[in-house]
>>> print(open('structure.csv').read())   # CSV, C-alpha atoms and all ligand atoms
chain,number,residue,atom,x,y,z
G,527,MET,CA,106.6,87.0,104.3
G,528,ASP,CA,104.2,89.9,103.8
G,529,VAL,CA,105.6,91.9,100.9
G,530,LEU,CA,104.8,95.5,99.9
G,531,THR,CA,105.7,96.4,96.3
G,532,ILE,CA,106.6,100.0,95.9
G,533,THR,CA,106.8,101.6,92.4
G,534,ASP,CA,108.9,104.7,92.8
G,535,VAL,CA,107.6,107.3,90.4
G,536,SER,CA,110.0,110.1,91.2
G,537,PRO,CA,111.8,110.1,87.8
G,538,ARG,CA,108.3,110.7,86.2
G,539,ASP,CA,105.7,112.2,88.6
G,540,GLY,CA,108.5,113.6,90.8
G,541,LEU,CA,110.3,115.5,88.1
G,542,GLN,CA,107.5,116.3,85.6
G,543,SER,CA,106.6,119.7,87.2
G,544,GLN,CA,110.0,120.7,88.3
G,545,ARG,CA,111.1,124.1,86.9
G,546,THR,CA,114.8,123.2,87.0
G,547,MET,CA,115.5,121.1,84.0
G,548,VAL,CA,117.2,117.9,85.1
G,549,ALA,CA,119.9,116.5,82.8
G,550,THR,CA,119.4,113.0,81.4
G,551,ALA,CA,122.6,111.9,83.1
G,552,ASP,CA,121.3,113.1,86.5
G,553,LYS,CA,118.0,111.3,85.9
G,554,LEU,CA,120.0,108.1,85.2
G,555,ARG,CA,121.9,108.6,88.5
G,556,LEU,CA,118.5,108.9,90.2
G,557,ILE,CA,117.2,105.7,88.7
G,558,GLN,CA,120.5,103.9,89.4
G,559,GLY,CA,120.4,105.2,93.0
G,560,LEU,CA,116.8,103.9,93.5
G,561,SER,CA,117.7,100.6,92.0
G,562,ALA,CA,120.8,100.3,94.3
G,563,ALA,CA,118.6,101.1,97.3
G,564,GLY,CA,116.5,98.0,96.5
G,565,VAL,CA,113.6,99.7,94.6
G,566,MET,CA,112.5,97.0,92.2
G,567,SER,CA,109.8,98.9,90.3
G,568,ILE,CA,110.5,102.4,88.9
G,569,GLU,CA,108.4,104.6,86.6
G,570,ALA,CA,111.3,106.1,84.7
G,571,THR,CA,109.8,108.7,82.3
G,572,SER,CA,106.8,109.5,80.1
G,573,PHE,CA,106.4,109.5,76.3
G,574,VAL,CA,104.1,112.5,76.3
G,575,SER,CA,104.2,115.7,74.1
G,576,PRO,CA,107.4,117.6,74.9
G,577,LYS,CA,105.3,120.8,74.5
G,578,SER,CA,103.0,119.6,77.3
G,579,VAL,CA,105.8,118.4,79.7
G,580,PRO,CA,109.2,119.7,78.6
G,581,GLN,CA,111.0,117.9,81.5
G,582,MET,CA,110.1,114.5,79.9
G,583,ALA,CA,111.4,115.5,76.4
G,584,ASP,CA,114.4,113.2,76.8
G,585,ALA,CA,112.4,110.0,77.2
G,586,ASP,CA,113.6,108.5,73.9
G,587,VAL,CA,117.3,108.8,74.9
G,588,LEU,CA,116.9,108.2,78.6
G,589,LEU,CA,115.1,104.8,78.5
G,590,PRO,CA,117.7,102.9,76.4
G,591,GLN,CA,120.5,104.0,78.8
G,592,ILE,CA,118.9,102.6,81.9
G,593,VAL,CA,120.9,99.6,83.2
G,594,ARG,CA,118.3,97.0,84.3
G,595,ARG,CA,118.7,94.0,86.5
G,596,ASP,CA,116.5,91.0,85.7
G,597,ARG,CA,114.3,91.7,88.8
G,598,ASP,CA,113.7,95.3,87.9
G,599,ASN,CA,110.4,96.6,86.5
G,600,ILE,CA,111.1,99.8,84.6
G,601,SER,CA,107.9,101.2,83.4
G,602,VAL,CA,107.1,104.3,81.4
G,603,LEU,CA,103.9,106.4,81.0
G,604,VAL,CA,102.3,106.7,77.6
G,605,PRO,CA,99.3,108.9,76.8
G,606,ASN,CA,98.4,107.4,73.4
G,607,LEU,CA,99.5,105.1,70.6
G,608,ARG,CA,102.1,107.6,69.5
G,609,GLY,CA,103.6,107.4,73.0
G,610,LEU,CA,103.4,103.6,72.9
G,611,ASP,CA,105.3,103.5,69.6
G,612,ARG,CA,108.0,105.8,70.9
G,613,ALA,CA,108.3,103.8,74.1
G,614,ILE,CA,108.7,100.5,72.2
G,615,ALA,CA,111.2,102.0,69.9
G,616,ALA,CA,113.2,103.0,73.0
G,617,GLY,CA,113.0,99.5,74.4
G,618,ALA,CA,110.1,99.6,76.8
G,619,ASN,CA,108.6,96.4,78.1
G,620,SER,CA,106.3,97.9,80.7
G,621,ILE,CA,103.9,100.8,80.3
G,622,ALA,CA,101.3,102.8,82.1
G,623,VAL,CA,98.3,104.6,80.7
G,624,VAL,CA,96.3,107.4,82.4
G,625,LEU,CA,92.6,107.8,82.4
G,626,SER,CA,91.2,110.6,84.6
G,627,ALA,CA,87.8,110.0,86.2
G,628,SER,CA,86.3,113.4,85.1
G,629,ASP,CA,85.7,115.0,81.8
G,630,THR,CA,87.5,118.3,82.6
G,631,MET,CA,90.6,116.6,84.0
G,632,ASN,CA,91.0,114.6,80.8
G,633,ARG,CA,90.6,117.7,78.8
G,634,LYS,CA,93.3,119.6,80.8
G,635,ASN,CA,95.6,116.6,81.0
G,636,ILE,CA,95.5,115.1,77.5
G,637,GLY,CA,93.2,117.4,75.5
G,638,MET,CA,90.1,115.1,75.1
G,639,ASP,CA,86.9,114.2,76.9
G,640,LEU,CA,86.3,111.2,79.1
G,641,ASP,CA,84.8,109.1,76.3
G,642,MET,CA,87.6,109.7,73.9
G,643,ALA,CA,90.2,109.3,76.7
G,644,THR,CA,88.7,105.9,77.6
G,645,GLN,CA,88.8,104.8,74.0
G,646,ILE,CA,92.4,105.9,73.6
G,647,CYS,CA,93.4,104.1,76.9
G,648,VAL,CA,91.6,100.9,75.9
G,649,THR,CA,93.2,100.9,72.4
G,650,THR,CA,96.7,101.6,73.9
G,651,LEU,CA,96.3,98.9,76.5
G,652,LYS,CA,95.1,96.3,74.0
G,653,ARG,CA,98.0,97.0,71.7
G,654,ALA,CA,100.5,96.9,74.5
G,655,THR,CA,99.0,93.6,75.8
G,656,ASP,CA,99.1,92.1,72.3
G,657,LEU,CA,102.7,92.9,72.1
G,658,GLY,CA,103.4,91.2,75.4
G,659,LEU,CA,104.2,94.3,77.5
G,660,ALA,CA,103.4,94.6,81.2
G,661,THR,CA,100.7,97.1,81.7
G,662,ARG,CA,99.4,99.4,84.4
G,663,ALA,CA,96.5,101.8,84.1
G,664,TYR,CA,96.0,104.8,86.3
G,665,VAL,CA,92.5,105.9,87.2
G,666,ALA,CA,93.4,109.5,88.1
G,667,VAL,CA,91.5,112.0,90.3
G,668,ALA,CA,89.7,109.0,91.6
G,669,PHE,CA,88.5,110.7,94.7
G,670,GLU,CA,88.2,114.3,93.9
G,671,CYS,CA,88.8,116.3,90.7
G,672,PRO,CA,90.2,119.9,91.1
G,673,PHE,CA,87.6,121.1,88.5
G,674,GLU,CA,84.5,118.9,89.1
G,675,GLY,CA,84.8,118.0,92.8
G,676,ILE,CA,83.9,114.7,94.4
G,677,ILE,CA,84.0,111.7,92.1
G,678,PRO,CA,81.3,109.0,92.7
G,679,PRO,CA,83.0,105.7,93.6
G,680,SER,CA,80.8,103.9,91.1
G,681,CYS,CA,82.4,106.0,88.3
G,682,VAL,CA,85.9,104.8,89.5
G,683,ARG,CA,84.7,101.2,89.6
G,684,ASP,CA,83.3,101.4,86.0
G,685,LEU,CA,86.5,102.9,84.6
G,686,ALA,CA,88.7,100.5,86.5
G,687,LEU,CA,86.7,97.6,85.0
G,688,ARG,CA,87.1,99.1,81.5
G,689,VAL,CA,90.9,99.3,81.8
G,690,ALA,CA,91.2,95.9,83.4
G,691,ASP,CA,89.1,94.4,80.7
G,692,ALA,CA,91.4,96.0,78.1
G,693,GLY,CA,94.3,94.1,79.6
G,694,ALA,CA,95.7,96.3,82.4
G,695,ARG,CA,97.6,93.9,84.7
G,696,GLU,CA,97.6,96.5,87.5
G,697,THR,CA,94.9,99.1,88.0
G,698,VAL,CA,96.2,102.0,90.0
G,699,ILE,CA,93.7,104.1,91.8
G,700,ALA,CA,95.2,107.6,92.0
G,701,ASP,CA,94.4,110.4,94.5
G,702,THR,CA,96.1,112.8,92.1
G,703,ILE,CA,95.5,115.9,94.2
G,704,GLY,CA,95.8,114.3,97.6
G,705,ALA,CA,92.2,115.0,98.7
G,706,ALA,CA,91.1,111.6,100.2
G,707,ALA,CA,91.0,110.5,103.8
G,708,PRO,CA,91.1,106.9,105.0
G,709,VAL,CA,87.3,106.5,104.9
G,710,GLN,CA,87.1,107.5,101.3
G,711,ILE,CA,90.0,105.3,100.4
G,712,GLN,CA,88.3,102.3,102.0
G,713,ASP,CA,84.9,103.1,100.4
G,714,VAL,CA,86.4,103.1,96.9
G,715,LEU,CA,88.6,100.1,97.5
G,716,GLN,CA,85.8,98.0,99.1
G,717,LEU,CA,83.7,98.6,96.0
G,718,LEU,CA,86.6,97.6,93.7
G,719,LEU,CA,87.4,94.5,95.8
G,720,VAL,CA,84.1,93.1,94.8
G,721,HIS,CA,85.5,92.7,91.3
G,722,PHE,CA,89.3,92.7,91.7
G,723,SER,CA,91.7,90.7,93.8
G,724,PRO,CA,93.9,93.0,96.0
G,725,MET,CA,97.0,92.1,93.9
G,726,GLN,CA,95.4,93.5,90.8
G,727,LEU,CA,95.1,96.9,92.4
G,728,GLY,CA,97.6,99.6,93.3
G,729,LEU,CA,97.3,102.9,95.1
G,730,HIS,CA,98.9,106.2,94.0
G,731,LEU,CA,98.7,108.8,96.8
G,732,HIS,CA,99.6,112.5,97.2
G,733,ASP,CA,100.3,114.1,100.6
G,734,THR,CA,98.6,117.5,100.1
G,735,ARG,CA,96.6,117.2,103.3
G,736,GLY,CA,99.1,115.1,105.2
G,737,MET,CA,97.0,112.0,105.0
G,738,ALA,CA,98.9,109.9,102.4
G,739,LEU,CA,100.5,107.6,105.0
G,740,ALA,CA,97.2,107.1,106.8
G,741,ASN,CA,95.5,106.4,103.5
G,742,ALA,CA,98.2,103.8,102.7
G,743,TRP,CA,97.6,102.1,106.0
G,744,ALA,CA,93.8,102.1,105.4
G,745,ALA,CA,94.5,100.3,102.1
G,746,ILE,CA,97.0,97.9,103.7
G,747,GLN,CA,94.2,96.9,106.1
G,748,LEU,CA,92.1,95.8,103.1
G,749,GLY,CA,95.0,93.7,101.6
G,750,ILE,CA,96.4,96.2,99.1
G,751,ARG,CA,100.1,95.6,98.7
G,752,ARG,CA,101.1,97.8,95.7
G,753,PHE,CA,101.8,101.4,96.2
G,754,ASP,CA,103.4,104.2,94.2
G,755,ALA,CA,105.6,106.6,96.1
G,756,SER,CA,108.2,109.2,95.3
G,757,VAL,CA,111.6,109.7,96.9
G,758,GLY,CA,111.6,112.8,99.1
G,759,GLY,CA,107.8,113.2,98.4
G,760,LEU,CA,108.6,115.0,95.2
G,761,GLY,CA,106.0,115.4,92.6
G,762,GLY,CA,102.6,116.4,91.3
G,763,CYS,CA,100.7,116.7,88.1
G,764,PRO,CA,101.3,120.0,86.2
G,765,PHE,CA,97.6,120.0,85.0
G,766,ALA,CA,96.0,119.4,88.4
G,767,PRO,CA,96.2,122.7,90.4
G,768,GLY,CA,96.7,122.4,94.1
G,769,ALA,CA,98.4,119.0,94.2
G,770,ALA,CA,101.3,118.7,96.5
G,771,GLY,CA,104.0,115.9,96.3
G,772,ASN,CA,103.5,112.2,96.3
G,773,LEU,CA,103.5,110.0,99.3
G,774,ALA,CA,107.3,109.9,100.2
G,775,THR,CA,108.9,106.6,99.5
G,776,GLU,CA,111.0,106.9,102.8
G,777,ASP,CA,107.8,107.4,104.8
G,778,LEU,CA,106.1,104.3,103.3
G,779,VAL,CA,109.3,102.2,103.7
G,780,LEU,CA,109.7,103.3,107.3
G,781,MET,CA,106.1,102.5,108.2
G,782,ALA,CA,106.2,99.2,106.4
G,783,SER,CA,109.4,98.1,108.2
G,784,GLN,CA,108.0,99.0,111.6
G,785,CYS,CA,104.8,97.1,110.8
G,786,GLY,CA,106.3,93.9,109.6
G,787,LEU,CA,105.9,94.4,105.9
G,788,HIS,CA,108.9,93.7,103.6
G,789,THR,CA,109.8,96.2,100.9
G,790,GLY,CA,113.4,95.1,100.1
G,791,ILE,CA,114.4,98.8,100.3
G,792,ASP,CA,117.4,100.0,102.3
G,793,LEU,CA,116.5,103.2,104.1
G,794,VAL,CA,120.1,104.5,104.5
G,795,ALA,CA,120.7,104.1,100.7
G,796,LEU,CA,117.3,105.6,100.0
G,797,MET,CA,118.1,108.7,102.1
G,798,SER,CA,121.2,109.3,100.0
G,799,VAL,CA,118.9,109.3,96.9
G,800,VAL,CA,116.8,112.0,98.7
G,801,ALA,CA,119.9,114.0,99.2
G,802,MET,CA,120.9,113.6,95.5
G,803,VAL,CA,117.5,114.7,94.3
G,804,GLN,CA,117.5,117.7,96.6
G,805,GLU,CA,120.7,118.8,95.0
G,806,LEU,CA,119.2,118.4,91.5
G,807,VAL,CA,115.9,120.3,92.1
G,808,GLY,CA,116.9,122.9,94.5
G,809,PRO,CA,114.4,123.5,97.3
G,810,PRO,CA,114.6,121.2,100.3
G,811,ILE,CA,112.6,118.0,99.9
G,812,GLY,CA,111.8,115.0,102.1
G,813,GLY,CA,108.9,113.1,103.5
G,814,ARG,CA,107.5,113.6,107.0
G,815,SER,CA,110.1,111.2,108.4
G,816,ALA,CA,113.0,112.6,106.5
G,817,ARG,CA,114.4,114.8,109.3
G,818,TRP,CA,114.3,112.0,111.8
G,819,LEU,CA,115.8,109.5,109.3
G,820,ARG,CA,118.7,111.9,108.5
G,821,THR,CA,119.6,112.1,112.2
G,822,ILE,CA,119.6,108.3,112.5
G,823,VAL,CA,121.7,108.0,109.3
G,824,GLU,CA,124.2,110.6,110.8
G,825,GLN,CA,124.4,108.8,114.2
G,826,ASP,CA,125.0,105.5,112.4
G,827,SER,CA,127.8,107.0,110.3
G,828,HIS,CA,129.4,108.5,113.5
G,829,LYS,CA,129.3,105.1,115.2
G,830,GLU,CA,131.0,103.6,112.1
G,831,GLU,CA,133.7,106.2,112.2
G,832,GLU,CA,134.4,105.5,115.9
G,833,LYS,CA,134.8,101.8,115.3
Q,1,LIG,N1,104.5,112.1,72.2
Q,1,LIG,C1,105.0,113.2,71.5
Q,1,LIG,N2,104.3,114.0,70.8
Q,1,LIG,C2,103.0,113.7,70.7
Q,1,LIG,C3,102.4,112.6,71.3
Q,1,LIG,C4,103.3,111.8,72.1
Q,1,LIG,N3,102.8,110.7,72.8
Q,1,LIG,N4,101.1,112.5,71.0
Q,1,LIG,C5,100.8,113.6,70.2
Q,1,LIG,N5,101.9,114.2,70.0
Q,1,LIG,C6,102.1,115.5,69.2
Q,1,LIG,C7,101.4,115.5,67.9
Q,1,LIG,O1,102.2,114.9,66.9
Q,1,LIG,C8,101.3,117.0,67.7
Q,1,LIG,O2,102.5,117.5,67.3
Q,1,LIG,P1,102.6,118.9,66.4
Q,1,LIG,O3,102.0,120.0,67.2
Q,1,LIG,O4,104.1,119.0,66.2
Q,1,LIG,O5,101.9,118.6,65.2
Q,1,LIG,C9,101.0,117.5,69.1
Q,1,LIG,O6,101.6,116.5,70.0
Q,1,LIG,C10,99.6,117.7,69.3
Q,1,LIG,O7,98.9,116.5,69.2
Q,1,LIG,P2,97.3,116.3,69.4
Q,1,LIG,O8,97.0,115.0,69.0
Q,1,LIG,O9,96.6,117.5,68.7
Q,1,LIG,O10,97.0,116.4,70.9
Q,1,LIG,P3,97.3,117.4,72.0
Q,1,LIG,O11,98.0,118.7,71.7
Q,1,LIG,O12,95.9,117.6,72.7
Q,1,LIG,O13,98.2,116.6,73.0
Q,1,LIG,C11,98.9,114.8,74.3
Q,1,LIG,C12,97.8,115.3,73.4
Q,1,LIG,C13,98.3,113.5,75.0
Q,1,LIG,C14,100.1,114.3,73.5
Q,1,LIG,C15,99.3,115.8,75.4
Q,1,LIG,O14,98.2,116.4,75.9
Q,1,LIG,C16,100.2,115.3,76.4
Q,1,LIG,O15,101.3,115.0,76.2
Q,1,LIG,N6,99.8,115.4,77.7
Q,1,LIG,C17,100.7,114.9,78.7
Q,1,LIG,C18,100.0,114.9,80.0
Q,1,LIG,C19,100.9,114.5,81.1
Q,1,LIG,O16,102.0,114.0,81.0
Q,1,LIG,N7,100.3,114.6,82.3
Q,1,LIG,C20,101.0,114.2,83.5
Q,1,LIG,C21,101.0,112.8,83.8
Q,1,LIG,S1,99.4,112.2,84.1
Q,2,ZN,ZN,100.7,111.6,90.9
>>> encode(input="structure.csv", output="structure tokens")
Amino acid sequence: MDVLTITDVSPRDGLQSQRTMVATADKLRLIQGLSAAGVMSIEATSFVSPKSVPQMADADVLLPQIVRRDRDNISVLVPNLRGLDRAIAAGANSIAVVLSASDTMNRKNIGMDLDMATQICVTTLKRATDLGLATRAYVAVAFECPFEGIIPPSCVRDLALRVADAGARETVIADTIGAAAPVQIQDVLQLLLVHFSPMQLGLHLHDTRGMALANAWAAIQLGIRRFDASVGGLGGCPFAPGAAGNLATEDLVLMASQCGLHTGIDLVALMSVVAMVQELVGPPIGGRSARWLRTIVEQDSHKEEEK
């Protein structure tokens, strides 16, 4: 069976820029809903400065309340050792670090230059690995930086090798502002696949220019099977201007199911999570397939009623 592993990042990337503050209990409902829909990997929150990202200020109380099943991977984002300590105190066993591929993006995001950010990431990954935690490392703005423009693929490769060397089990190449097209995705991935096996890599896509799904398909063609996505396409980095939402989980699951890739995610249950999140954040959300999926879900429920 050809399996696609989806990490749903809506509780973290999805919510971090939302103006409406979402209550901890509602975040727990969201995580529970994703898990019930069959999502086995969820990025639940981030242990960042509450001054930088107020929406994530409840990470310490949220994480211990998440009910996990054995198969679930509940990861959390940590920007530094302080974040790692907080995450461990809250019971984390799986973390992600972020290293942006440009100097300016690191400064805007975490207040330090590329060299310092690399050092902090490496130190945090090493500590987490020594403690037996599962680790992911994002290489952010890996295709284009909103401040410095196009990123050379060789720079992404070098950073990916640094974080992998420091223990990152999964290296996640992130199109943080959704600027890449399939050819750029394949160029970077082909360079990385000289050094990595496809299962060591993940792809984090945003849909700013409507190319996220095409980009995912371009990566699937090269053997990549790990993707981040966000229910309803919610999300974006507050420090990367111009970024639209993430690749929508429902779009990716739908494409996968039509193309013979198994995700284990139930689309009907997933659409009820989209509806729940829409109520929580206000404005209408949904991926490119959401309108069609809603009509299918409605038709199915009418058929059930008629039985
Ligand atoms: N969690 C909570 N507080 C933290 C922290 C963490 N992981 N790391 C540092 N802090 C606190 C410090 O204790 C200090 O607190 P004080 O002002 O009360 O003394 C304050 O944050 C400033 O710390 P400093 O080391 O000077 O760094 P900074 O202000 O440049 O912040 C980060 C660094 C990394 C904590 C901050 O930029 C951040 O949280 N960024 C988040 C980025 C993000 O989530 N982006 C989206 C996802 S990629
Ligand atoms: Zn993102």
>>> residues_around(input="structure.csv", residues="Val565 in chain G", least_positions_apart="6", cutoff="9 Å", atoms="all atoms listed in the file", output="JSON, numbers by chain")
{"G": [531, 532, 533, 534, 559, 598, 789, 790, 791, 792, 796]}
>>> closest_residue(input="structure.csv", among="G:Ala795, G:Met566, G:Ala707, G:Leu773", to="ligand ZN 2 (chain Q)", atoms="only C-alpha atoms and all ligand atoms")
G:Leu773
>>> atom_distance(input="structure.csv", atom1="CA of Ala742 in chain G", atom2="CA of Asp691 in chain G")
25.6 Å
>>> closest_residue(input="structure.csv", among="G:Val799, G:Ala738, G:Val794, G:Ala583", to="ligand LIG 1 (chain Q)", atoms="all atoms listed in the file")
G:Ala583
>>> residues_near_point(input="structure.csv", point="(84.1, 109.6, 90.4)", cutoff="7 Å", atoms="all atoms listed in the file", output="list of chain:residue names")
G:Ala627, G:Ser628, G:Ala668, G:Phe669, G:Ile676, G:Ile677, G:Pro678, G:Pro679, G:Ser680, G:Cys681, G:Val682
>>> residues_near_ligand(input="structure.csv", ligand="ligand LIG 1 (chain Q)", cutoff="7 Å", atoms="only C-alpha atoms and all ligand atoms", output="list in words")
Asp539, Ser572, Phe573, Val574, Ser575, Pro576, Ser578, Val579, Val604, Pro605, Asn606, Leu607, Arg608, Gly609, Val624, Asn635, Ile636, Gly637, Met638, Cys763, Pro764 and Phe765 of chain G
>>> write_last_selection(input="structure.csv", atoms="C-alpha atoms", output="PDB file, keeping the file's coordinate frame")
ATOM      1  CA  ASP G 539     105.700 112.200  88.600  1.00  0.00           C
ATOM      2  CA  SER G 572     106.800 109.500  80.100  1.00  0.00           C
ATOM      3  CA  PHE G 573     106.400 109.500  76.300  1.00  0.00           C
ATOM      4  CA  VAL G 574     104.100 112.500  76.300  1.00  0.00           C
ATOM      5  CA  SER G 575     104.200 115.700  74.100  1.00  0.00           C
ATOM      6  CA  PRO G 576     107.400 117.600  74.900  1.00  0.00           C
ATOM      7  CA  SER G 578     103.000 119.600  77.300  1.00  0.00           C
ATOM      8  CA  VAL G 579     105.800 118.400  79.700  1.00  0.00           C
ATOM      9  CA  VAL G 604     102.300 106.700  77.600  1.00  0.00           C
ATOM     10  CA  PRO G 605      99.300 108.900  76.800  1.00  0.00           C
ATOM     11  CA  ASN G 606      98.400 107.400  73.400  1.00  0.00           C
ATOM     12  CA  LEU G 607      99.500 105.100  70.600  1.00  0.00           C
ATOM     13  CA  ARG G 608     102.100 107.600  69.500  1.00  0.00           C
ATOM     14  CA  GLY G 609     103.600 107.400  73.000  1.00  0.00           C
ATOM     15  CA  VAL G 624      96.300 107.400  82.400  1.00  0.00           C
ATOM     16  CA  ASN G 635      95.600 116.600  81.000  1.00  0.00           C
ATOM     17  CA  ILE G 636      95.500 115.100  77.500  1.00  0.00           C
ATOM     18  CA  GLY G 637      93.200 117.400  75.500  1.00  0.00           C
ATOM     19  CA  MET G 638      90.100 115.100  75.100  1.00  0.00           C
ATOM     20  CA  CYS G 763     100.700 116.700  88.100  1.00  0.00           C
ATOM     21  CA  PRO G 764     101.300 120.000  86.200  1.00  0.00           C
ATOM     22  CA  PHE G 765      97.600 120.000  85.000  1.00  0.00           C
TER      23      PHE G 765
END
>>> closest_atom_pairs(input="structure.csv", of="chain G", to="ligand ZN 2 (chain Q)", cutoff="10 Å", atoms="all atoms listed in the file", output="CSV")
residue,atom,partner,partner_atom,distance
G:Val535,CA,Q:ZN2,ZN,8.1
G:Ser536,CA,Q:ZN2,ZN,9.4
G:Arg538,CA,Q:ZN2,ZN,9.0
G:Asp539,CA,Q:ZN2,ZN,5.5
G:Gly540,CA,Q:ZN2,ZN,8.1
G:Gln542,CA,Q:ZN2,ZN,9.8
G:Tyr664,CA,Q:ZN2,ZN,9.5
G:Ala666,CA,Q:ZN2,ZN,8.1
G:Val667,CA,Q:ZN2,ZN,9.2
G:Ala700,CA,Q:ZN2,ZN,6.9
G:Asp701,CA,Q:ZN2,ZN,7.4
G:Thr702,CA,Q:ZN2,ZN,4.9
G:Ile703,CA,Q:ZN2,ZN,7.5
G:Gly704,CA,Q:ZN2,ZN,8.7
G:His730,CA,Q:ZN2,ZN,6.5
G:Leu731,CA,Q:ZN2,ZN,6.8
G:His732,CA,Q:ZN2,ZN,6.5
G:Asp754,CA,Q:ZN2,ZN,8.5
G:Ala755,CA,Q:ZN2,ZN,8.7
G:Ser756,CA,Q:ZN2,ZN,9.0
G:Leu760,CA,Q:ZN2,ZN,9.6
G:Gly761,CA,Q:ZN2,ZN,6.7
G:Gly762,CA,Q:ZN2,ZN,5.2
G:Cys763,CA,Q:ZN2,ZN,5.8
G:Pro764,CA,Q:ZN2,ZN,9.6
G:Ala766,CA,Q:ZN2,ZN,9.4
G:Ala769,CA,Q:ZN2,ZN,8.4
G:Ala770,CA,Q:ZN2,ZN,9.1
G:Gly771,CA,Q:ZN2,ZN,7.7
G:Asn772,CA,Q:ZN2,ZN,6.1
G:Leu773,CA,Q:ZN2,ZN,9.0
>>> write_last_selection(input="structure.csv", atoms="C-alpha atoms", output="short mmCIF file (atom, residue, chain, number, x, y, z; two decimals), keeping the file's coordinate frame")
data_model
loop_
_atom_site.label_atom_id
_atom_site.label_comp_id
_atom_site.auth_asym_id
_atom_site.auth_seq_id
_atom_site.Cartn_x
_atom_site.Cartn_y
_atom_site.Cartn_z
CA VAL G 535 107.60 107.30 90.40
CA SER G 536 110.00 110.10 91.20
CA ARG G 538 108.30 110.70 86.20
CA ASP G 539 105.70 112.20 88.60
CA GLY G 540 108.50 113.60 90.80
CA GLN G 542 107.50 116.30 85.60
CA TYR G 664 96.00 104.80 86.30
CA ALA G 666 93.40 109.50 88.10
CA VAL G 667 91.50 112.00 90.30
CA ALA G 700 95.20 107.60 92.00
CA ASP G 701 94.40 110.40 94.50
CA THR G 702 96.10 112.80 92.10
CA ILE G 703 95.50 115.90 94.20
CA GLY G 704 95.80 114.30 97.60
CA HIS G 730 98.90 106.20 94.00
CA LEU G 731 98.70 108.80 96.80
CA HIS G 732 99.60 112.50 97.20
CA ASP G 754 103.40 104.20 94.20
CA ALA G 755 105.60 106.60 96.10
CA SER G 756 108.20 109.20 95.30
CA LEU G 760 108.60 115.00 95.20
CA GLY G 761 106.00 115.40 92.60
CA GLY G 762 102.60 116.40 91.30
CA CYS G 763 100.70 116.70 88.10
CA PRO G 764 101.30 120.00 86.20
CA ALA G 766 96.00 119.40 88.40
CA ALA G 769 98.40 119.00 94.20
CA ALA G 770 101.30 118.70 96.50
CA GLY G 771 104.00 115.90 96.30
CA ASN G 772 103.50 112.20 96.30
CA LEU G 773 103.50 110.00 99.30
#
>>> residues_around(input="structure.csv", residues="Ile614 in chain G", least_positions_apart="6", cutoff="10 Å", atoms="only C-alpha atoms", output="MDAnalysis selection string")
chainID G and resid 586 589 620:621 654 657 659
>>> decode(input="structure.csv", residues="range 546-554 of chain G", atoms="N, CA, C and O atoms", output="short mmCIF file (atom, residue, chain, number, x, y, z; two decimals), in the first residue's frame")
data_model
loop_
_atom_site.label_atom_id
_atom_site.label_comp_id
_atom_site.auth_asym_id
_atom_site.auth_seq_id
_atom_site.Cartn_x
_atom_site.Cartn_y
_atom_site.Cartn_z
N THR G 546 -8.89 36.36 16.08
CA THR G 546 -9.82 35.89 17.11
C THR G 546 -9.08 34.90 18.00
O THR G 546 -8.54 33.91 17.52
N MET G 547 -9.04 35.19 19.30
CA MET G 547 -8.35 34.27 20.20
C MET G 547 -9.23 33.02 20.37
O MET G 547 -10.42 33.12 20.68
N VAL G 548 -8.62 31.88 20.15
CA VAL G 548 -9.36 30.62 20.25
C VAL G 548 -9.09 30.03 21.64
O VAL G 548 -7.93 29.94 22.08
N ALA G 549 -10.16 29.64 22.32
CA ALA G 549 -10.03 29.12 23.69
C ALA G 549 -9.33 27.76 23.67
O ALA G 549 -9.44 27.01 22.70
N THR G 550 -8.62 27.47 24.76
CA THR G 550 -7.90 26.19 24.86
C THR G 550 -8.86 25.01 24.63
O THR G 550 -8.52 24.06 23.92
N ALA G 551 -10.05 25.09 25.21
CA ALA G 551 -11.01 23.98 25.07
C ALA G 551 -11.39 23.78 23.60
O ALA G 551 -11.57 22.64 23.14
N ASP G 552 -11.48 24.88 22.84
CA ASP G 552 -11.81 24.76 21.42
C ASP G 552 -10.64 24.18 20.61
O ASP G 552 -10.83 23.42 19.67
N LYS G 553 -9.41 24.55 21.00
CA LYS G 553 -8.25 23.96 20.34
C LYS G 553 -8.22 22.45 20.59
O LYS G 553 -7.89 21.66 19.70
N LEU G 554 -8.58 22.06 21.81
CA LEU G 554 -8.62 20.63 22.14
C LEU G 554 -9.68 19.92 21.29
O LEU G 554 -9.47 18.80 20.82
#
